[in-house]
>>> print(open('entry.txt').read())   # compact mmCIF, C-alpha atoms
# COMPACT_ATOMS: atom_id res chain seq x y z
CA MET B 1 -47.25 76.50 -47.69
CA THR B 2 -47.42 74.94 -44.25
CA ASP B 3 -49.76 76.19 -41.52
CA VAL B 4 -48.05 78.86 -39.42
CA TYR B 5 -49.33 79.91 -35.99
CA LEU B 6 -48.01 82.44 -33.50
CA ALA B 7 -48.25 82.42 -29.69
CA LEU B 8 -47.70 85.53 -27.56
CA VAL B 9 -46.75 84.22 -24.13
CA HIS B 10 -47.42 86.18 -20.91
CA HIS B 11 -46.39 83.31 -18.59
CA PRO B 12 -43.87 81.89 -17.94
CA VAL B 13 -41.63 84.85 -18.82
CA TYR B 14 -38.86 86.72 -17.00
CA ASN B 15 -39.11 90.18 -15.51
CA LYS B 16 -36.20 92.63 -15.37
CA ARG B 17 -34.69 90.76 -12.40
CA ARG B 18 -35.03 87.37 -14.12
CA GLN B 19 -37.88 86.29 -11.85
CA VAL B 20 -40.63 84.21 -13.48
CA ILE B 21 -43.84 86.23 -13.76
CA ALA B 22 -47.17 86.48 -15.55
CA ALA B 23 -46.91 89.71 -17.55
CA ALA B 24 -49.92 91.97 -18.02
CA LEU B 25 -51.75 91.68 -21.30
CA THR B 26 -51.55 94.76 -23.56
CA THR B 27 -54.37 95.30 -26.02
CA ILE B 28 -52.03 97.07 -28.47
CA ASP B 29 -50.03 93.83 -28.75
CA LEU B 30 -53.22 91.97 -29.65
CA HIS B 31 -54.27 94.49 -32.33
CA ASP B 32 -50.81 94.84 -33.86
CA ILE B 33 -50.00 91.13 -33.94
CA ALA B 34 -53.51 90.21 -35.15
CA ARG B 35 -53.03 92.63 -38.09
CA LEU B 36 -49.63 91.10 -38.79
CA SER B 37 -51.16 87.60 -38.63
CA ALA B 38 -53.79 88.61 -41.21
CA THR B 39 -51.17 90.23 -43.47
CA TYR B 40 -48.84 87.21 -43.45
CA GLY B 41 -51.55 84.57 -43.77
CA LEU B 42 -51.21 82.92 -40.36
CA LYS B 43 -53.72 80.21 -39.41
CA GLY B 44 -54.09 81.52 -35.89
CA PHE B 45 -52.69 83.76 -33.17
CA TYR B 46 -52.79 82.41 -29.60
CA VAL B 47 -52.64 84.80 -26.67
CA VAL B 48 -51.31 82.74 -23.77
CA THR B 49 -51.99 83.78 -20.17
CA PRO B 50 -53.04 81.78 -17.11
CA LEU B 51 -54.77 84.80 -15.53
CA GLU B 52 -58.53 84.53 -15.65
CA ASP B 53 -59.15 88.28 -15.40
CA GLN B 54 -56.76 88.95 -18.28
CA ILE B 55 -58.57 86.37 -20.42
CA LYS B 56 -61.83 88.21 -19.65
CA VAL B 57 -60.35 91.60 -20.64
CA ALA B 58 -59.00 90.18 -23.89
CA GLN B 59 -62.28 88.45 -24.72
CA ALA B 60 -64.27 91.63 -24.04
CA MET B 61 -61.96 93.61 -26.33
CA ILE B 62 -62.23 91.04 -29.11
CA ASP B 63 -66.03 90.86 -28.76
CA HIS B 64 -66.29 94.65 -28.95
CA TRP B 65 -64.56 94.78 -32.33
CA ALA B 66 -65.99 91.51 -33.67
CA GLU B 67 -69.63 92.46 -33.24
CA GLY B 68 -72.09 95.28 -33.72
CA TRP B 69 -70.81 98.83 -33.49
CA GLY B 70 -67.10 97.99 -33.39
CA ARG B 71 -67.31 95.79 -36.44
CA GLU B 72 -69.24 98.47 -38.33
CA TYR B 73 -66.77 101.19 -37.38
CA ASN B 74 -63.64 99.26 -38.35
CA ALA B 75 -64.13 96.02 -40.29
CA THR B 76 -60.40 95.41 -40.89
CA ARG B 77 -59.91 95.25 -37.13
CA ALA B 78 -62.62 92.59 -36.82
CA GLU B 79 -61.07 90.61 -39.66
CA ALA B 80 -57.67 90.60 -37.94
CA LEU B 81 -59.05 89.81 -34.48
CA SER B 82 -60.95 86.80 -35.87
CA LEU B 83 -57.55 85.05 -35.90
CA VAL B 84 -57.05 85.51 -32.14
CA SER B 85 -57.63 82.67 -29.66
CA LEU B 86 -57.02 82.73 -25.93
CA ALA B 87 -55.16 79.86 -24.25
CA TYR B 88 -54.07 79.24 -20.65
CA THR B 89 -50.77 77.55 -21.57
CA ILE B 90 -48.47 76.86 -24.51
CA ASP B 91 -49.47 73.17 -24.17
CA GLU B 92 -53.13 74.08 -24.65
CA ALA B 93 -52.32 76.09 -27.79
CA THR B 94 -50.21 73.19 -29.10
CA GLU B 95 -53.05 70.71 -28.55
CA ARG B 96 -55.56 72.93 -30.33
CA ILE B 97 -53.21 73.35 -33.29
CA ARG B 98 -52.77 69.57 -33.45
CA HIS B 99 -56.55 69.32 -33.62
CA ASN B 100 -56.90 72.06 -36.29
CA SER B 101 -53.98 71.16 -38.54
CA GLY B 102 -53.86 67.39 -38.03
CA ALA B 103 -50.32 67.21 -36.65
CA ARG B 104 -48.37 68.42 -33.63
CA PRO B 105 -46.74 71.74 -34.57
CA THR B 106 -42.99 72.24 -34.51
CA LEU B 107 -42.42 74.60 -31.57
CA VAL B 108 -40.14 77.48 -32.52
CA ALA B 109 -38.90 79.71 -29.70
CA THR B 110 -37.79 83.27 -30.40
CA THR B 111 -35.23 85.28 -28.41
CA ALA B 112 -33.20 88.48 -28.55
CA ALA B 113 -30.13 86.59 -27.27
CA ASN B 114 -27.44 84.83 -29.23
CA GLY B 115 -26.54 81.29 -28.18
CA PRO B 116 -25.86 77.79 -29.45
CA GLY B 117 -28.20 75.87 -31.74
CA ARG B 118 -30.04 78.81 -33.28
CA THR B 119 -31.85 78.21 -36.58
CA SER B 120 -31.26 80.94 -39.16
CA PHE B 121 -34.14 82.86 -40.74
CA ALA B 122 -33.07 81.54 -44.16
CA ASP B 123 -33.22 77.89 -43.04
CA MET B 124 -36.54 78.41 -41.28
CA ARG B 125 -38.01 80.10 -44.37
CA CYS B 126 -36.98 77.16 -46.58
CA GLY B 127 -38.27 74.68 -44.01
CA LEU B 128 -41.75 76.19 -44.21
CA LEU B 129 -42.15 74.71 -47.69
CA ARG B 130 -41.71 71.09 -46.56
CA GLU B 131 -42.57 70.88 -42.86
CA GLY B 132 -45.85 70.36 -41.02
CA PRO B 133 -47.47 73.12 -38.93
CA ILE B 134 -45.25 75.40 -36.89
CA LEU B 135 -45.92 77.53 -33.82
CA LEU B 136 -43.76 80.62 -33.45
CA ILE B 137 -43.50 81.45 -29.74
CA LEU B 138 -42.80 85.03 -28.63
CA GLY B 139 -42.37 86.04 -25.00
CA THR B 140 -43.53 89.34 -23.50
CA ALA B 141 -41.63 91.25 -20.73
CA TRP B 142 -37.97 90.11 -20.59
CA GLY B 143 -38.62 87.00 -22.69
CA LEU B 144 -39.28 83.26 -22.53
CA THR B 145 -37.81 81.26 -19.65
CA ASP B 146 -34.90 78.87 -20.19
CA GLU B 147 -37.21 75.93 -19.48
CA THR B 148 -39.68 77.06 -22.16
CA MET B 149 -36.85 77.51 -24.68
CA ALA B 150 -35.46 74.06 -23.85
CA ALA B 151 -38.89 72.46 -24.40
CA CYS B 152 -39.12 73.89 -27.95
CA ASP B 153 -37.98 72.01 -31.05
CA LYS B 154 -36.08 74.95 -32.53
CA ILE B 155 -34.80 78.36 -31.48
CA LEU B 156 -34.85 81.08 -34.11
CA GLU B 157 -31.78 83.33 -34.34
CA PRO B 158 -32.24 86.85 -32.94
CA ILE B 159 -33.05 89.80 -35.20
CA THR B 160 -29.96 91.80 -36.05
CA GLY B 161 -29.56 95.23 -37.53
CA PRO B 162 -26.27 97.00 -38.25
CA THR B 163 -25.83 97.93 -34.54
CA ARG B 164 -25.47 96.08 -31.23
CA TYR B 165 -28.73 97.47 -29.86
CA ASN B 166 -31.21 94.62 -29.48
CA HIS B 167 -34.16 95.84 -27.45
CA LEU B 168 -37.22 95.79 -29.68
CA SER B 169 -40.85 95.77 -28.62
CA VAL B 170 -42.50 92.38 -29.10
CA ARG B 171 -44.88 94.04 -31.62
CA ALA B 172 -42.04 95.25 -33.80
CA ALA B 173 -40.13 91.97 -33.44
CA ALA B 174 -43.22 89.97 -34.48
CA GLY B 175 -43.52 92.02 -37.66
CA ILE B 176 -39.87 91.61 -38.62
CA ILE B 177 -39.91 87.86 -37.88
CA LEU B 178 -43.05 87.27 -39.95
CA ASP B 179 -41.73 89.39 -42.82
CA ARG B 180 -38.39 87.53 -42.86
CA LEU B 181 -40.18 84.15 -42.91
CA LEU B 182 -43.25 84.90 -45.04
CA GLY B 183 -42.82 88.29 -46.77
CA ILE B 184 -42.98 88.57 -50.55
CA ARG B 185 -39.73 89.99 -51.97
CA MET K 1 -23.65 103.65 -45.49
CA THR K 2 -25.62 106.83 -46.02
CA ASP K 3 -27.35 108.68 -43.18
CA VAL K 4 -30.91 107.41 -42.76
CA TYR K 5 -33.57 109.35 -40.84
CA LEU K 6 -37.22 108.59 -40.14
CA ALA K 7 -40.13 111.00 -39.66
CA LEU K 8 -43.42 109.97 -38.04
CA VAL K 9 -45.96 112.49 -39.32
CA HIS K 10 -49.10 113.43 -37.34
CA HIS K 11 -50.09 116.28 -39.71
CA PRO K 12 -51.04 116.49 -42.51
CA VAL K 13 -52.59 112.99 -42.57
CA TYR K 14 -56.01 111.65 -43.51
CA ASN K 15 -58.62 110.37 -41.10
CA LYS K 16 -61.00 107.51 -41.90
CA ARG K 17 -63.18 109.86 -44.02
CA ARG K 18 -60.18 111.25 -45.92
CA GLN K 19 -60.31 114.59 -44.12
CA VAL K 20 -56.95 116.20 -43.32
CA ILE K 21 -56.29 116.12 -39.58
CA ALA K 22 -53.59 116.35 -36.93
CA ALA K 23 -53.55 112.88 -35.35
CA ALA K 24 -52.91 112.43 -31.63
CA LEU K 25 -49.43 111.47 -30.62
CA THR K 26 -49.06 107.97 -29.13
CA THR K 27 -46.18 107.38 -26.74
CA ILE K 28 -46.01 103.69 -27.74
CA ASP K 29 -45.17 104.78 -31.30
CA LEU K 30 -42.31 106.88 -29.96
CA HIS K 31 -40.86 104.07 -27.83
CA ASP K 32 -41.24 101.39 -30.49
CA ILE K 33 -39.87 103.45 -33.37
CA ALA K 34 -37.05 104.87 -31.22
CA ARG K 35 -35.99 101.30 -30.38
CA LEU K 36 -36.18 100.37 -34.07
CA SER K 37 -34.12 103.47 -34.95
CA ALA K 38 -31.43 102.42 -32.46
CA THR K 39 -31.43 98.82 -33.76
CA TYR K 40 -31.08 99.80 -37.40
CA GLY K 41 -28.52 102.55 -36.88
CA LEU K 42 -30.63 105.56 -37.88
CA LYS K 43 -29.14 109.02 -37.44
CA GLY K 44 -32.38 110.45 -36.08
CA PHE K 45 -36.11 109.97 -35.61
CA TYR K 46 -38.30 113.08 -36.05
CA VAL K 47 -41.75 113.18 -34.49
CA VAL K 48 -43.69 115.71 -36.57
CA THR K 49 -46.72 117.48 -35.10
CA PRO K 50 -47.83 121.13 -35.23
CA LEU K 51 -49.68 120.84 -31.91
CA GLU K 52 -47.90 122.63 -29.09
CA ASP K 53 -49.52 120.56 -26.32
CA GLN K 54 -48.52 117.31 -28.05
CA ILE K 55 -44.94 118.55 -28.33
CA LYS K 56 -45.00 119.22 -24.58
CA VAL K 57 -46.32 115.73 -23.79
CA ALA K 58 -43.68 114.11 -25.98
CA GLN K 59 -40.88 116.21 -24.49
CA ALA K 60 -42.01 115.40 -20.93
CA MET K 61 -42.03 111.69 -21.76
CA ILE K 62 -38.57 111.84 -23.32
CA ASP K 63 -37.18 113.85 -20.38
CA HIS K 64 -38.60 111.34 -17.90
CA TRP K 65 -36.69 108.45 -19.49
CA ALA K 66 -33.60 110.44 -20.42
CA GLU K 67 -32.83 111.68 -16.91
CA GLY K 68 -32.65 110.61 -13.30
CA TRP K 69 -34.94 107.82 -12.16
CA GLY K 70 -36.20 106.80 -15.60
CA ARG K 71 -32.71 106.50 -17.01
CA GLU K 72 -31.59 104.46 -14.02
CA TYR K 73 -34.57 102.13 -14.26
CA ASN K 74 -34.26 101.43 -17.99
CA ALA K 75 -31.09 102.62 -19.71
CA THR K 76 -31.92 101.01 -23.07
CA ARG K 77 -35.03 103.16 -23.28
CA ALA K 78 -32.98 106.31 -22.70
CA GLU K 79 -30.49 105.21 -25.35
CA ALA K 80 -33.26 104.77 -27.92
CA LEU K 81 -35.09 107.99 -27.03
CA SER K 82 -31.86 109.99 -27.44
CA LEU K 83 -32.49 109.64 -31.19
CA VAL K 84 -35.89 111.37 -31.02
CA SER K 85 -36.34 115.01 -32.06
CA LEU K 86 -39.60 116.94 -32.21
CA ALA K 87 -40.44 119.04 -35.28
CA TYR K 88 -43.47 121.12 -36.23
CA THR K 89 -43.36 120.24 -39.94
CA ILE K 90 -41.68 117.92 -42.43
CA ASP K 91 -39.91 121.00 -43.82
CA GLU K 92 -38.41 121.74 -40.43
CA ALA K 93 -37.15 118.14 -40.11
CA THR K 94 -35.70 118.37 -43.62
CA GLU K 95 -33.85 121.58 -42.81
CA ARG K 96 -32.40 120.15 -39.63
CA ILE K 97 -31.19 117.06 -41.48
CA ARG K 98 -29.57 119.28 -44.13
CA HIS K 99 -27.75 121.01 -41.27
CA ASN K 100 -26.70 117.73 -39.57
CA SER K 101 -25.73 115.69 -42.61
CA GLY K 102 -24.53 118.45 -44.93
CA ALA K 103 -27.01 117.83 -47.75
CA ARG K 104 -30.75 117.96 -48.35
CA PRO K 105 -32.15 114.47 -47.69
CA THR K 106 -33.99 112.52 -50.36
CA LEU K 107 -37.61 112.48 -49.14
CA VAL K 108 -39.07 108.97 -49.31
CA ALA K 109 -42.82 108.64 -48.72
CA THR K 110 -44.30 105.36 -47.51
CA THR K 111 -47.83 104.10 -48.17
CA ALA K 112 -49.99 100.98 -47.88
CA ALA K 113 -51.45 101.65 -51.34
CA ASN K 114 -50.23 100.44 -54.71
CA GLY K 115 -49.88 103.02 -57.47
CA PRO K 116 -47.59 104.28 -60.22
CA GLY K 117 -43.96 105.21 -59.69
CA ARG K 118 -43.27 103.17 -56.58
CA THR K 119 -39.62 102.38 -55.77
CA SER K 120 -39.03 98.74 -54.80
CA PHE K 121 -37.43 97.80 -51.48
CA ALA K 122 -34.57 96.14 -53.40
CA ASP K 123 -33.78 99.30 -55.40
CA MET K 124 -34.03 101.49 -52.32
CA ARG K 125 -31.70 99.16 -50.37
CA CYS K 126 -29.10 99.32 -53.15
CA GLY K 127 -29.49 103.09 -53.41
CA LEU K 128 -28.55 103.51 -49.74
CA LEU K 129 -24.97 102.59 -50.60
CA ARG K 130 -24.44 105.45 -53.04
CA GLU K 131 -26.91 108.23 -52.20
CA GLY K 132 -26.80 111.13 -49.75
CA PRO K 133 -28.99 111.27 -46.63
CA ILE K 134 -32.56 110.00 -46.86
CA LEU K 135 -35.64 110.73 -44.79
CA LEU K 136 -38.23 107.92 -44.62
CA ILE K 137 -41.63 109.51 -44.02
CA LEU K 138 -44.40 107.50 -42.32
CA GLY K 139 -47.91 108.80 -41.79
CA THR K 140 -50.07 108.04 -38.75
CA ALA K 141 -53.90 107.60 -38.86
CA TRP K 142 -55.03 106.84 -42.45
CA GLY K 143 -51.74 107.90 -43.98
CA LEU K 144 -49.93 110.76 -45.70
CA THR K 145 -51.94 113.18 -47.85
CA ASP K 146 -51.67 113.15 -51.64
CA GLU K 147 -49.96 116.57 -51.53
CA THR K 148 -47.31 115.28 -49.10
CA MET K 149 -46.68 112.23 -51.27
CA ALA K 150 -46.39 114.40 -54.39
CA ALA K 151 -43.84 116.65 -52.68
CA CYS K 152 -41.55 113.68 -51.92
CA ASP K 153 -38.73 112.53 -54.21
CA LYS K 154 -39.64 108.84 -54.06
CA ILE K 155 -42.52 106.65 -52.93
CA LEU K 156 -41.60 103.29 -51.45
CA GLU K 157 -43.69 100.29 -52.57
CA PRO K 158 -46.19 98.99 -49.97
CA ILE K 159 -45.34 96.05 -47.71
CA THR K 160 -46.84 92.83 -49.03
CA GLY K 161 -47.35 89.50 -47.41
CA PRO K 162 -48.93 86.44 -49.02
CA THR K 163 -52.49 87.85 -48.51
CA ARG K 164 -54.43 90.91 -49.65
CA TYR K 165 -54.79 92.24 -46.10
CA ASN K 166 -52.77 95.48 -45.83
CA HIS K 167 -53.72 97.20 -42.59
CA LEU K 168 -50.64 97.25 -40.37
CA SER K 169 -49.97 99.51 -37.41
CA VAL K 170 -47.39 102.19 -38.17
CA ARG K 171 -45.15 100.64 -35.49
CA ALA K 172 -45.12 97.25 -37.19
CA ALA K 173 -44.75 98.80 -40.65
CA ALA K 174 -41.77 100.88 -39.49
CA GLY K 175 -40.03 97.72 -38.26
CA ILE K 176 -40.60 95.81 -41.49
CA ILE K 177 -39.50 98.75 -43.68
CA LEU K 178 -36.29 99.30 -41.69
CA ASP K 179 -35.52 95.57 -41.70
CA ARG K 180 -36.03 95.33 -45.47
CA LEU K 181 -33.76 98.32 -46.08
CA LEU K 182 -31.13 97.89 -43.37
CA GLY K 183 -31.44 94.41 -41.80
CA ILE K 184 -28.48 92.02 -41.79
CA ARG K 185 -29.30 88.77 -43.60
>>> encode(input="entry.txt", output="structure tokens")
Amino acid sequence: MTDVYLALVHHPVYNKRRQVIAAALTTIDLHDIARLSATYGLKGFYVVTPLEDQIKVAQAMIDHWAEGWGREYNATRAEALSLVSLAYTIDEATERIRHNSGARPTLVATTAANGPGRTSFADMRCGLLREGPILLILGTAWGLTDETMAACDKILEPITGPTRYNHLSVRAAAGIILDRLLGIR
Amino acid sequence: MTDVYLALVHHPVYNKRRQVIAAALTTIDLHDIARLSATYGLKGFYVVTPLEDQIKVAQAMIDHWAEGWGREYNATRAEALSLVSLAYTIDEATERIRHNSGARPTLVATTAANGPGRTSFADMRCGLLREGPILLILGTAWGLTDETMAACDKILEPITGPTRYNHLSVRAAAGIILDRLLGIR
């Protein structure tokens, strides 16, 4: 199995009015996606934000659970959070993965929108058996910018249920994406 | 397709020390699971808690997004929350489903633990085509009590990834369970 990484991107992403923003970091996203990363055997989970104060908040939260009282109270939380790294940009995360895994990762954008050139979950799942490292990129707020999507190597098809409603939280979407690609059936 | 309902149970559930408690309601669970319920075409999402003040908090939150300013600001949130009902007990939710769907639902417990008599996701997915209404029951905190599990008609197998780590948030687990049972592939 190839090395799979996930990046949760807080900038650049769109807000409701399609302006490019840096979204606020949410500690529940970090806990939930770290637990998912541990469950599905990811090599690492990068939290991407350029905001120095947000990096400090995230690091303080991770340190609380990784050490001392927090670790003693809930060891499974520490285990999951050990997969989390903080990065200022997607490029920085990519470089660090290249260093860890020995090759530049394939950048895979995710989106709730249909469009041309989407890779199906089935094809992506098969590709994991033969390809080098991959970085799954999830946007917070109203999603990754067009420029970020265009700079990725692949775009994963959106999650579909039996309805037209397609507004999932990024936490729930991350779980479904990882299960479709890496779950045991 | 049969009518599928979900119940998020805050009592009776275990705490970390396996004592039976009423867990605090978390509005993020309601938003995330309501959005999942809308995506996967559920007939209803019951939030089960015996605590009167928690019912009031949940109802105030739902009313905020269902009406006036909240609805105008984010209509997809209102659409999802329209599926949420509050119930004091699992029995109450079961009775209301019997009234809505015309038959007593099959009660399906979920758990992170392996054990005897689990129904596989594949069998449950096939069963949805021929059975009457079902109620998927998810526990908050450290999960449903043994008595609750024993009172259910079926117990769904736990979610497995390629690791032994099995500590997911209930939000993430709900998404993966609904996608395995109802997702379009």
>>> interface_residues(input="entry.txt", of="chain K", to="chain B", cutoff="7 Å", atoms="all atoms listed in the file", output="list in words")
Asp32, Arg35, Leu36, Ala38, Thr39, Tyr40, Gly41, Thr160, Gly161, Pro162, Thr163, Tyr165, Asn166, His167, Leu168, Ser169, Arg171, Ala172, Gly175, Ile176, Asp179, Leu182, Gly183 and Ile184 of chain K
>>> residues_around(input="entry.txt", residues="stretch 134-143 of chain K", least_positions_apart="4", cutoff="6 Å", atoms="all atoms listed in the file", output="list of chain:residue names")
K:Val4, K:Tyr5, K:Leu6, K:Ala7, K:Leu8, K:Val9, K:His10, K:Val13, K:Tyr14, K:Asn15, K:Pro105, K:Thr106, K:Leu107, K:Val108, K:Ala109, K:Thr110
>>> write_last_selection(input="entry.txt", atoms="C-alpha atoms", output="PDB file, in the coordinates of the input")
ATOM      1  CA  VAL K   4     -30.910 107.410 -42.760  1.00  0.00           C
ATOM      2  CA  TYR K   5     -33.570 109.350 -40.840  1.00  0.00           C
ATOM      3  CA  LEU K   6     -37.220 108.590 -40.140  1.00  0.00           C
ATOM      4  CA  ALA K   7     -40.130 111.000 -39.660  1.00  0.00           C
ATOM      5  CA  LEU K   8     -43.420 109.970 -38.040  1.00  0.00           C
ATOM      6  CA  VAL K   9     -45.960 112.490 -39.320  1.00  0.00           C
ATOM      7  CA  HIS K  10     -49.100 113.430 -37.340  1.00  0.00           C
ATOM      8  CA  VAL K  13     -52.590 112.990 -42.570  1.00  0.00           C
ATOM      9  CA  TYR K  14     -56.010 111.650 -43.510  1.00  0.00           C
ATOM     10  CA  ASN K  15     -58.620 110.370 -41.100  1.00  0.00           C
ATOM     11  CA  PRO K 105     -32.150 114.470 -47.690  1.00  0.00           C
ATOM     12  CA  THR K 106     -33.990 112.520 -50.360  1.00  0.00           C
ATOM     13  CA  LEU K 107     -37.610 112.480 -49.140  1.00  0.00           C
ATOM     14  CA  VAL K 108     -39.070 108.970 -49.310  1.00  0.00           C
ATOM     15  CA  ALA K 109     -42.820 108.640 -48.720  1.00  0.00           C
ATOM     16  CA  THR K 110     -44.300 105.360 -47.510  1.00  0.00           C
TER      17      THR K 110
END
>>> closest_residue(input="entry.txt", among="K:Gly132, K:Pro12, K:Pro158, K:Gly68", to="K:Arg118", atoms="all atoms listed in the file")
K:Pro158
>>> closest_residue(input="entry.txt", among="K:Thr145, K:Thr26, K:Thr49, K:Thr89", to="K:Met61", atoms="only C-alpha atoms")
K:Thr26
>>> atom_distance(input="entry.txt", atom1="atom CA of B:Glu72", atom2="atom CA of K:Asp146")
26.5 Å
>>> atom_distance(input="entry.txt", atom1="atom CA of B:Ala23", atom2="atom CA of B:His11")
6.5 Å
>>> atom_distance(input="entry.txt", atom1="atom CA of B:Trp65", atom2="atom CA of B:Asp29")
15.0 Å
>>> residues_near_point(input="entry.txt", point="(-42.7, 102.4, -54.8)", cutoff="6 Å", atoms="only C-alpha atoms", output="list of chain:residue names")
K:Gly117, K:Arg118, K:Thr119, K:Ser120, K:Ile155, K:Leu156, K:Glu157
>>> decode(input="entry.txt", residues="stretch 146-160 of chain B", atoms="N, CA and C atoms", output="PDB file, in the first residue's frame")
ATOM      1  N   ASP B 146     -10.186  27.785  -7.190  1.00  0.00           N
ATOM      2  CA  ASP B 146      -9.974  27.243  -8.539  1.00  0.00           C
ATOM      3  C   ASP B 146      -8.488  27.087  -8.838  1.00  0.00           C
ATOM      4  N   GLU B 147      -7.666  28.044  -8.403  1.00  0.00           N
ATOM      5  CA  GLU B 147      -6.236  27.983  -8.656  1.00  0.00           C
ATOM      6  C   GLU B 147      -5.614  26.771  -7.951  1.00  0.00           C
ATOM      7  N   THR B 148      -6.038  26.511  -6.715  1.00  0.00           N
ATOM      8  CA  THR B 148      -5.514  25.359  -5.978  1.00  0.00           C
ATOM      9  C   THR B 148      -5.908  24.068  -6.683  1.00  0.00           C
ATOM     10  N   MET B 149      -7.157  23.989  -7.111  1.00  0.00           N
ATOM     11  CA  MET B 149      -7.632  22.789  -7.820  1.00  0.00           C
ATOM     12  C   MET B 149      -6.821  22.581  -9.098  1.00  0.00           C
ATOM     13  N   ALA B 150      -6.586  23.678  -9.829  1.00  0.00           N
ATOM     14  CA  ALA B 150      -5.876  23.572 -11.109  1.00  0.00           C
ATOM     15  C   ALA B 150      -4.427  23.120 -10.901  1.00  0.00           C
ATOM     16  N   ALA B 151      -3.859  23.437  -9.746  1.00  0.00           N
ATOM     17  CA  ALA B 151      -2.455  23.082  -9.478  1.00  0.00           C
ATOM     18  C   ALA B 151      -2.318  21.628  -9.007  1.00  0.00           C
ATOM     19  N   CYS B 152      -3.432  20.946  -8.766  1.00  0.00           N
ATOM     20  CA  CYS B 152      -3.372  19.545  -8.319  1.00  0.00           C
ATOM     21  C   CYS B 152      -3.271  18.605  -9.518  1.00  0.00           C
ATOM     22  N   ASP B 153      -2.793  17.390  -9.257  1.00  0.00           N
ATOM     23  CA  ASP B 153      -2.626  16.410 -10.331  1.00  0.00           C
ATOM     24  C   ASP B 153      -3.953  15.735 -10.676  1.00  0.00           C
ATOM     25  N   LYS B 154      -4.796  15.557  -9.664  1.00  0.00           N
ATOM     26  CA  LYS B 154      -6.086  14.905  -9.884  1.00  0.00           C
ATOM     27  C   LYS B 154      -7.154  15.608  -9.057  1.00  0.00           C
ATOM     28  N   ILE B 155      -8.387  15.464  -9.499  1.00  0.00           N
ATOM     29  CA  ILE B 155      -9.534  15.948  -8.719  1.00  0.00           C
ATOM     30  C   ILE B 155     -10.472  14.766  -8.496  1.00  0.00           C
ATOM     31  N   LEU B 156     -10.716  14.465  -7.245  1.00  0.00           N
ATOM     32  CA  LEU B 156     -11.568  13.332  -6.891  1.00  0.00           C
ATOM     33  C   LEU B 156     -13.035  13.705  -7.106  1.00  0.00           C
ATOM     34  N   GLU B 157     -13.826  12.774  -7.602  1.00  0.00           N
ATOM     35  CA  GLU B 157     -15.261  13.051  -7.810  1.00  0.00           C
ATOM     36  C   GLU B 157     -15.934  13.376  -6.475  1.00  0.00           C
ATOM     37  N   PRO B 158     -17.008  14.166  -6.499  1.00  0.00           N
ATOM     38  CA  PRO B 158     -17.695  14.479  -5.240  1.00  0.00           C
ATOM     39  C   PRO B 158     -18.401  13.253  -4.666  1.00  0.00           C
ATOM     40  N   ILE B 159     -18.637  13.292  -3.363  1.00  0.00           N
ATOM     41  CA  ILE B 159     -19.418  12.252  -2.684  1.00  0.00           C
ATOM     42  C   ILE B 159     -20.875  12.396  -3.094  1.00  0.00           C
ATOM     43  N   THR B 160     -21.505  11.285  -3.456  1.00  0.00           N
ATOM     44  CA  THR B 160     -22.924  11.354  -3.769  1.00  0.00           C
ATOM     45  C   THR B 160     -23.701  10.335  -2.946  1.00  0.00           C
TER      46      THR B 160
END
